[in-house]
Each structure stands twice: as structure tokens, then as C-alpha cells.
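The data block below is run.pdb; it holds PDB, C-alpha atoms.
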```pdb
MODEL        1
ATOM      1  CA  MET A 846      74.099  86.575  70.784
ATOM      2  CA  THR A 847      72.479  85.491  74.041
ATOM      3  CA  ALA A 848      75.580  83.583  75.130
ATOM      4  CA  SER A 849      77.819  86.598  74.480
ATOM      5  CA  THR A 850      75.531  88.929  76.375
ATOM      6  CA  THR A 851      75.257  86.516  79.300
ATOM      7  CA  TRP A 852      79.040  86.136  79.457
ATOM      8  CA  ILE A 853      79.543  89.902  79.512
ATOM      9  CA  VAL A 854      76.913  90.329  82.229
ATOM     10  CA  LEU A 855      78.661  87.658  84.332
ATOM     11  CA  ILE A 856      81.991  89.501  84.171
ATOM     12  CA  TYR A 857      80.689  92.444  86.192
ATOM     13  CA  PRO A 858      80.086  90.499  89.438
ATOM     14  CA  ALA A 859      83.562  88.950  89.084
ATOM     15  CA  LEU A 860      85.080  92.408  88.641
ATOM     16  CA  GLY A 861      83.058  93.588  91.618
ATOM     17  CA  ARG A 862      84.419  90.801  93.823
ATOM     18  CA  MET A 863      87.966  91.580  92.720
ATOM     19  CA  ARG A 864      87.529  95.324  93.369
ATOM     20  CA  ALA A 865      85.805  94.682  96.725
ATOM     21  CA  LEU A 866      88.720  92.533  97.918
ATOM     22  CA  SER A 867      91.160  95.202  96.782
ATOM     23  CA  ARG A 868      89.214  97.968  98.498
ATOM     24  CA  ARG A 869      88.900  95.950 101.708
ATOM     25  CA  ALA A 870      92.632  95.292 101.860
ATOM     26  CA  SER A 871      93.424  98.905 101.008
ATOM     27  CA  ASN A 872      91.037 100.255 103.639
ATOM     28  CA  LEU A 873      92.483  97.954 106.295
ATOM     29  CA  ILE A 874      96.014  99.125 105.544
ATOM     30  CA  ARG A 875      94.969 102.788 105.457
ATOM     31  CA  ALA A 876      93.068 102.463 108.750
ATOM     32  CA  GLN A 877      96.106 100.865 110.366
ATOM     33  CA  GLU A 878      98.319 103.715 109.142
ATOM     34  CA  MET A 879      95.849 106.427 110.189
ATOM     35  CA  THR A 880      95.238 105.087 113.680
ATOM     36  CA  GLY A 881      98.573 103.493 114.452
ATOM     37  CA  ILE A 882      96.666 100.409 115.634
ATOM     38  CA  ASP A 883      98.117  97.129 114.411
ATOM     39  CA  LEU A 884      95.542  95.097 112.487
ATOM     40  CA  LEU A 885      96.744  92.040 114.346
ATOM     41  CA  SER A 886      96.386  93.516 117.830
ATOM     42  CA  GLY A 887      93.000  91.955 118.557
ATOM     43  CA  LYS A 888      91.017  88.859 117.724
ATOM     44  CA  VAL A 889      91.427  88.910 113.961
ATOM     45  CA  GLU A 890      91.060  85.247 113.087
ATOM     46  CA  GLY A 891      87.605  85.982 111.611
ATOM     47  CA  LEU A 892      89.013  88.793 109.504
ATOM     48  CA  LEU A 893      91.831  86.578 108.212
ATOM     49  CA  SER A 894      89.365  83.814 107.329
ATOM     50  CA  GLU A 895      87.086  86.298 105.558
ATOM     51  CA  LEU A 896      89.994  87.687 103.543
ATOM     52  CA  ALA A 897      91.013  84.129 102.620
ATOM     53  CA  GLU A 898      87.470  83.382 101.466
ATOM     54  CA  ASN A 899      87.483  86.490  99.286
ATOM     55  CA  VAL A 900      90.871  85.563  97.792
ATOM     56  CA  ILE A 901      89.495  82.102  96.981
ATOM     57  CA  ARG A 902      86.491  83.657  95.213
ATOM     58  CA  VAL A 903      88.745  85.903  93.129
ATOM     59  CA  ARG A 904      90.924  82.899  92.258
ATOM     60  CA  VAL A 905      87.849  81.064  90.969
ATOM     61  CA  ASP A 906      86.855  84.172  89.025
ATOM     62  CA  PHE A 907      90.277  84.214  87.339
ATOM     63  CA  ILE A 908      89.682  80.630  86.231
ATOM     64  CA  HIS A 909      86.177  81.239  84.860
ATOM     65  CA  PHE A 910      86.699  84.808  83.626
ATOM     66  CA  PRO A 911      90.403  85.264  82.845
ATOM     67  CA  LEU A 912      89.578  88.492  81.024
ATOM     68  CA  ILE A 913      89.161  90.282  84.375
ATOM     69  CA  TYR A 914      92.938  90.209  84.840
ATOM     70  CA  TYR A 915      93.278  92.768  82.063
ATOM     71  CA  PHE A 916      90.941  95.317  83.660
ATOM     72  CA  HIS A 917      93.216  97.877  85.285
ATOM     73  CA  ALA A 918      91.980  99.772  88.320
ATOM     74  CA  ASP A 919      91.529 103.510  87.996
ATOM     75  CA  THR A 920      92.474 104.111  91.637
ATOM     76  CA  GLU A 921      95.160 102.710  93.875
ATOM     77  CA  GLY A 922      92.642 101.399  96.404
ATOM     78  CA  ALA A 923      90.840  99.289  93.811
ATOM     79  CA  SER A 924      94.001  97.658  92.484
ATOM     80  CA  LEU A 925      94.314  93.952  93.211
ATOM     81  CA  ALA A 926      97.885  94.205  91.948
ATOM     82  CA  ARG A 927      98.687  96.466  94.906
ATOM     83  CA  SER A 928      96.532  94.659  97.469
ATOM     84  CA  LEU A 929      97.936  91.152  97.004
ATOM     85  CA  GLY A 930     101.298  92.186  98.403
ATOM     86  CA  HIS A 931      99.641  93.806 101.427
ATOM     87  CA  LEU A 932      97.604  90.674 102.059
ATOM     88  CA  ALA A 933     100.723  88.506 101.821
ATOM     89  CA  ASP A 934     102.511  90.771 104.321
ATOM     90  CA  LEU A 935      99.533  90.573 106.663
ATOM     91  CA  ALA A 936      99.456  86.776 106.458
ATOM     92  CA  GLU A 937     103.191  86.577 107.113
ATOM     93  CA  ARG A 938     102.996  88.850 110.162
ATOM     94  CA  ALA A 939      99.971  86.961 111.504
ATOM     95  CA  SER A 940     101.736  83.606 111.217
ATOM     96  CA  GLN A 941     104.563  84.518 113.602
ATOM     97  CA  ASP A 942     105.049  82.178 116.539
ATOM     98  CA  GLU A 943     104.120  84.763 119.178
ATOM     99  CA  ARG A 944     100.594  85.091 117.744
ATOM    100  CA  ALA A 945      97.702  83.172 119.271
ATOM    101  CA  GLU A 946      96.881  79.816 117.675
ATOM    102  CA  PRO A 947      93.563  80.940 116.111
ATOM    103  CA  ILE A 948      95.347  83.882 114.475
ATOM    104  CA  ARG A 949      98.113  81.628 113.154
ATOM    105  CA  LEU A 950      95.481  79.249 111.782
ATOM    106  CA  GLY A 951      93.665  82.122 110.018
ATOM    107  CA  ALA A 952      97.017  83.310 108.675
ATOM    108  CA  SER A 953      97.743  79.840 107.350
ATOM    109  CA  VAL A 954      94.383  79.699 105.538
ATOM    110  CA  LEU A 955      95.057  83.134 104.015
ATOM    111  CA  SER A 956      98.593  82.106 103.018
ATOM    112  CA  ILE A 957      97.282  78.975 101.294
ATOM    113  CA  ALA A 958      94.641  81.004  99.433
ATOM    114  CA  LEU A 959      97.288  83.524  98.351
ATOM    115  CA  SER A 960      99.593  80.733  97.221
ATOM    116  CA  ASP A 961      96.754  79.241  95.166
ATOM    117  CA  ILE A 962      95.934  82.550  93.481
ATOM    118  CA  ALA A 963      99.653  83.099  92.831
ATOM    119  CA  GLY A 964      99.699  79.744  91.037
ATOM    120  CA  ILE A 965      96.849  80.804  88.747
ATOM    121  CA  LEU A 966      98.402  84.208  88.104
ATOM    122  CA  SER A 967     101.836  82.767  87.298
ATOM    123  CA  THR A 968     100.389  80.099  85.031
ATOM    124  CA  LYS A 969      97.984  82.270  83.071
ATOM    125  CA  PHE A 970      99.081  85.898  83.233
ATOM    126  CA  VAL A 971     102.639  86.719  84.301
ATOM    127  CA  PRO A 972     105.918  85.318  83.059
ATOM    128  CA  ALA A 973     106.857  83.928  86.477
ATOM    129  CA  SER A 974     107.891  80.311  86.378
ATOM    130  CA  LYS A 975     105.866  77.592  88.044
ATOM    131  CA  GLY A 976     106.676  77.115  91.675
ATOM    132  CA  GLU A 977     107.514  80.775  92.267
ATOM    133  CA  ILE A 978     106.799  82.048  95.717
ATOM    134  CA  PRO A 979     103.708  84.275  95.926
ATOM    135  CA  ALA A 980     105.717  87.449  96.623
ATOM    136  CA  VAL A 981     107.545  87.060  93.298
ATOM    137  CA  VAL A 982     104.304  86.485  91.412
ATOM    138  CA  PHE A 983     102.568  89.395  93.151
ATOM    139  CA  ASN A 984     105.473  91.682  92.290
ATOM    140  CA  ALA A 985     105.211  90.602  88.645
ATOM    141  CA  VAL A 986     101.463  91.337  88.662
ATOM    142  CA  ARG A 987     102.132  94.698  90.276
ATOM    143  CA  ARG A 988     104.719  95.556  87.610
ATOM    144  CA  ASP A 989     102.279  94.454  84.919
ATOM    145  CA  HIS A 990      99.432  96.591  86.259
ATOM    146  CA  VAL A 991     101.008  99.499  88.076
ATOM    147  CA  GLU A 992     104.004 100.576  86.031
ATOM    148  CA  ARG A 993     102.783 103.268  83.726
ATOM    149  CA  ASP A 994     106.131 104.424  82.332
ATOM    150  CA  ARG A 995     107.265 101.317  80.549
ATOM    151  CA  PRO A 996     110.455 101.636  78.489
ATOM    152  CA  GLU A 997     108.713 100.452  75.326
ATOM    153  CA  ASP A 998     106.155 103.278  75.683
ATOM    154  CA  LYS A 999     108.880 105.926  75.809
ATOM    155  CA  ASP A1000     110.221 104.870  72.417
ATOM    156  CA  LYS A1001     106.915 105.672  70.705
TER
ENDMDL
END
```

As C-alpha cells:
Amino acid sequence: MTASTTWIVLIYPALGRMRALSRRASNLIRAQEMTGIDLLSGKVEGLLSELAENVIRVRVDFIHFPLIYYFHADTEGASLARSLGHLADLAERASQDERAEPIRLGASVLSIALSDIAGILSTKFVPASKGEIPAVVFNAVRRDHVERDRPEDKDK
């Protein structure tokens, strides 16, 4: 009984970390859209490193608490399935040759973290084959979590 209770209590911080990463990514994208200011227009290497660190934490949470994958977000901003694609786009844009070296380094760290989490997601949760590029895996996760009108549901 104690072990079960402890395990359940430990899931909540993992869910919190996953939702916080999702919210952070969502808020960054929304702020960029609202202001018209490119996220990558300033010194963002710290931001990229922080996002990478958060992705790494969520990856570890998926290993220790795989059940958190099956918790669907009730809002778009809290959805990791939506945020992973935005983070991958951000990392790709930040890694372009015209960016400053510290930004490209931060982008590389974020890209590696995203690739690692894509590996866990493709192995454990989505029917993407091993070695798939992160964008393919993230699209599969998005389909798994975001699509509400699945064909099999319409037949019922």
C-alpha cells in the first residue's frame, strides 16, 4: 500500500515538469506572435540551454514514470504533444549559420535533448520506427494526443 501511494505521489511532480515545459514553450511562441519580436533576436543562449535542461528532465520522467505519457492536456498550452514541434522548430532556426556561436551551441544542446526524447517516445509510445527523425516522432505524438476525431471513434 505504501509503495503504491508513494508511486502515485511521485507522478504529480513529473506531470508538473511536463506541463511546465509545455506552458513555457507555448508562452514563448504566443509572446513572439503577439509582439512580432523574434525569440532569437537577442542573447538567447541561456533560454535555449534552460529549455534543453527541461526537455532532459521530462525525458527522464518518461523513463521512470511512463504513465505520464497517457495524461492528455486539457488545454492547448499545456500539451507537450504540441510544444515539442515548436521547440524543434526553434532549435532548427537557432542553429542556422548566421546565428552567433553561443546561440548555435545552445541550439545544438536543445536539438540533442529533443532527439533523445524522440528516441524514448518512439521506442515506448508511438509506432515510429527506431532512428526516425524527431519531427516524425513529434508528429506521431501530436496525432496520438491531439486528434480528437479518430476514424475508429466515428464508427461507434

Could you name the residues that touch Ala926 of chain A at 10 Å or less, counting all atoms listed in the file, but leaving out those on the same chain fewer than 2 positions away, as a compact mmCIF listing (two decimals) with C-alpha atoms, keeping the file's coordinate frame?
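So the final result, stored in out_33.txt, reads:
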```
# COMPACT_ATOMS: atom_id res chain seq x y z
CA SER A 867 91.16 95.20 96.78
CA TYR A 914 92.94 90.21 84.84
CA HIS A 917 93.22 97.88 85.28
CA ALA A 918 91.98 99.77 88.32
CA GLU A 921 95.16 102.71 93.88
CA GLY A 922 92.64 101.40 96.40
CA ALA A 923 90.84 99.29 93.81
CA SER A 924 94.00 97.66 92.48
CA SER A 928 96.53 94.66 97.47
CA LEU A 929 97.94 91.15 97.00
CA GLY A 930 101.30 92.19 98.40
CA HIS A 931 99.64 93.81 101.43
CA PHE A 983 102.57 89.40 93.15
CA ASN A 984 105.47 91.68 92.29
CA ALA A 985 105.21 90.60 88.64
CA VAL A 986 101.46 91.34 88.66
CA ARG A 987 102.13 94.70 90.28
CA ARG A 988 104.72 95.56 87.61
CA ASP A 989 102.28 94.45 84.92
CA HIS A 990 99.43 96.59 86.26
CA VAL A 991 101.01 99.50 88.08
```

Can you turn the PyMOL selection byres ((chain A and resi 963) around 9) into a concrete residue list for this file, as an mmCIF file with C-alpha atoms, in the coordinates of the input?
```cif
data_model
loop_
_atom_site.group_PDB
_atom_site.id
_atom_site.type_symbol
_atom_site.label_atom_id
_atom_site.label_comp_id
_atom_site.auth_asym_id
_atom_site.auth_seq_id
_atom_site.Cartn_x
_atom_site.Cartn_y
_atom_site.Cartn_z
ATOM 1 C CA ARG A 904 90.924 82.899 92.258
ATOM 2 C CA ALA A 958 94.641 81.004 99.433
ATOM 3 C CA LEU A 959 97.288 83.524 98.351
ATOM 4 C CA SER A 960 99.593 80.733 97.221
ATOM 5 C CA ASP A 961 96.754 79.241 95.166
ATOM 6 C CA ILE A 962 95.934 82.550 93.481
ATOM 7 C CA GLY A 964 99.699 79.744 91.037
ATOM 8 C CA ILE A 965 96.849 80.804 88.747
ATOM 9 C CA LEU A 966 98.402 84.208 88.104
ATOM 10 C CA SER A 967 101.836 82.767 87.298
ATOM 11 C CA THR A 968 100.389 80.099 85.031
ATOM 12 C CA GLU A 977 107.514 80.775 92.267
ATOM 13 C CA ILE A 978 106.799 82.048 95.717
ATOM 14 C CA PRO A 979 103.708 84.275 95.926
ATOM 15 C CA ALA A 980 105.717 87.449 96.623
ATOM 16 C CA VAL A 981 107.545 87.060 93.298
ATOM 17 C CA VAL A 982 104.304 86.485 91.412
ATOM 18 C CA PHE A 983 102.568 89.395 93.151
#
```

(request) Could you tell me which of A:Leu885, A:Leu955, A:Leu925, A:Ile948 comes closest to Leu866 of chain A if we count only C-alpha atoms? (result)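 Ranked by minimum distance to Leu866 of chain A, first place goes to A:Leu925.
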
(message) For the PyMOL selection byres ((chain A and resi 863) around 9), applied here, can you spell out every residue it catches as a PyMOL selection string?
(response) chain A and resi 858-862+864-868+899-900+902-903+906+913+923-925

Would you export the selected residues with C-alpha atoms as an mmCIF file, in the frame of the given file, please?
```cif
data_model
loop_
_atom_site.group_PDB
_atom_site.id
_atom_site.type_symbol
_atom_site.label_atom_id
_atom_site.label_comp_id
_atom_site.auth_asym_id
_atom_site.auth_seq_id
_atom_site.Cartn_x
_atom_site.Cartn_y
_atom_site.Cartn_z
ATOM 1 C CA PRO A 858 80.086 90.499 89.438
ATOM 2 C CA ALA A 859 83.562 88.950 89.084
ATOM 3 C CA LEU A 860 85.080 92.408 88.641
ATOM 4 C CA GLY A 861 83.058 93.588 91.618
ATOM 5 C CA ARG A 862 84.419 90.801 93.823
ATOM 6 C CA ARG A 864 87.529 95.324 93.369
ATOM 7 C CA ALA A 865 85.805 94.682 96.725
ATOM 8 C CA LEU A 866 88.720 92.533 97.918
ATOM 9 C CA SER A 867 91.160 95.202 96.782
ATOM 10 C CA ARG A 868 89.214 97.968 98.498
ATOM 11 C CA ASN A 899 87.483 86.490 99.286
ATOM 12 C CA VAL A 900 90.871 85.563 97.792
ATOM 13 C CA ARG A 902 86.491 83.657 95.213
ATOM 14 C CA VAL A 903 88.745 85.903 93.129
ATOM 15 C CA ASP A 906 86.855 84.172 89.025
ATOM 16 C CA ILE A 913 89.161 90.282 84.375
ATOM 17 C CA ALA A 923 90.840 99.289 93.811
ATOM 18 C CA SER A 924 94.001 97.658 92.484
ATOM 19 C CA LEU A 925 94.314 93.952 93.211
#
```

(request) Name the closest residue to Leu896 of chain A among the candidates A:Phe916, A:Thr847, A:Leu873, A:Gly881; distances are taken between atoms, counting all atoms listed in the file. (result)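 Once distances to Leu896 of chain A are computed over all atoms listed in the file, the minimum belongs to A:Leu873.
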
(request) Go ahead and compute the interatomic distance for atom CA of Arg949 of chain A and atom CA of Gln877 of chain A, in Å to one decimal. (result)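 Pair atom CA of Arg949 of chain A / atom CA of Gln877 of chain A returns 19.5 Å.
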
Edge lengths and centre in Å to one decimal, as JSON, is what I'm after for the box along x, y and z that holds all listed atoms of segment 939-957 of chain A once 8 Å is added on each side.
```
{"center_x": 99.3, "center_y": 83.0, "center_z": 110.3, "size_x": 27.5, "size_y": 24.0, "size_z": 34.0}
```

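Here the question is which of A:Leu884, A:Val971, A:Ala897, A:Met879 gets nearest to Arg938 of chain A using only C-alpha atoms, and that residue is A:Leu884.
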
(message) Just to confirm, what's the straight-line distance from atom CA of Ser956 of chain A to atom CA of Gln941 of chain A in Å (one decimal)?
(response) 12.4 Å

(request) Take atom CA of Thr850 of chain A and atom CA of Ile901 of chain A and report the distance between them in Å, one decimal. (result) 25.8 Å

(message) Calculated over all atoms listed in the file, which of the candidates A:Ala945, A:Leu950, A:Val854, A:Ala933 has the smallest distance to Ser886 of chain A?
(response)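 Nearest candidate to Ser886 of chain A out of A:Ala945, A:Leu950, A:Val854, A:Ala933: A:Ala945.
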
(request) Check what the PyMOL selection byres ((chain A and resi 889) around 10) selects in the file above and give those residues as number ranges by chain. (result) A: 884-888, 890-895, 939, 947-949, 951-952

Just to be explicit: take each residue in the selection above, keep C-alpha atoms, and write the result as a short mmCIF file (atom, residue, chain, number, x, y, z; two decimals), keeping the file's coordinate frame.
```cif
data_model
loop_
_atom_site.label_atom_id
_atom_site.label_comp_id
_atom_site.auth_asym_id
_atom_site.auth_seq_id
_atom_site.Cartn_x
_atom_site.Cartn_y
_atom_site.Cartn_z
CA LEU A 884 95.54 95.10 112.49
CA LEU A 885 96.74 92.04 114.35
CA SER A 886 96.39 93.52 117.83
CA GLY A 887 93.00 91.96 118.56
CA LYS A 888 91.02 88.86 117.72
CA GLU A 890 91.06 85.25 113.09
CA GLY A 891 87.60 85.98 111.61
CA LEU A 892 89.01 88.79 109.50
CA LEU A 893 91.83 86.58 108.21
CA SER A 894 89.36 83.81 107.33
CA GLU A 895 87.09 86.30 105.56
CA ALA A 939 99.97 86.96 111.50
CA PRO A 947 93.56 80.94 116.11
CA ILE A 948 95.35 83.88 114.48
CA ARG A 949 98.11 81.63 113.15
CA GLY A 951 93.66 82.12 110.02
CA ALA A 952 97.02 83.31 108.68
#
```

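Between Tyr915 of chain A and the candidates A:Leu935, A:Ile856, A:Ala876, A:Ile957, the tightest atom-to-atom separation, counting only C-alpha atoms, involves A:Ile856.
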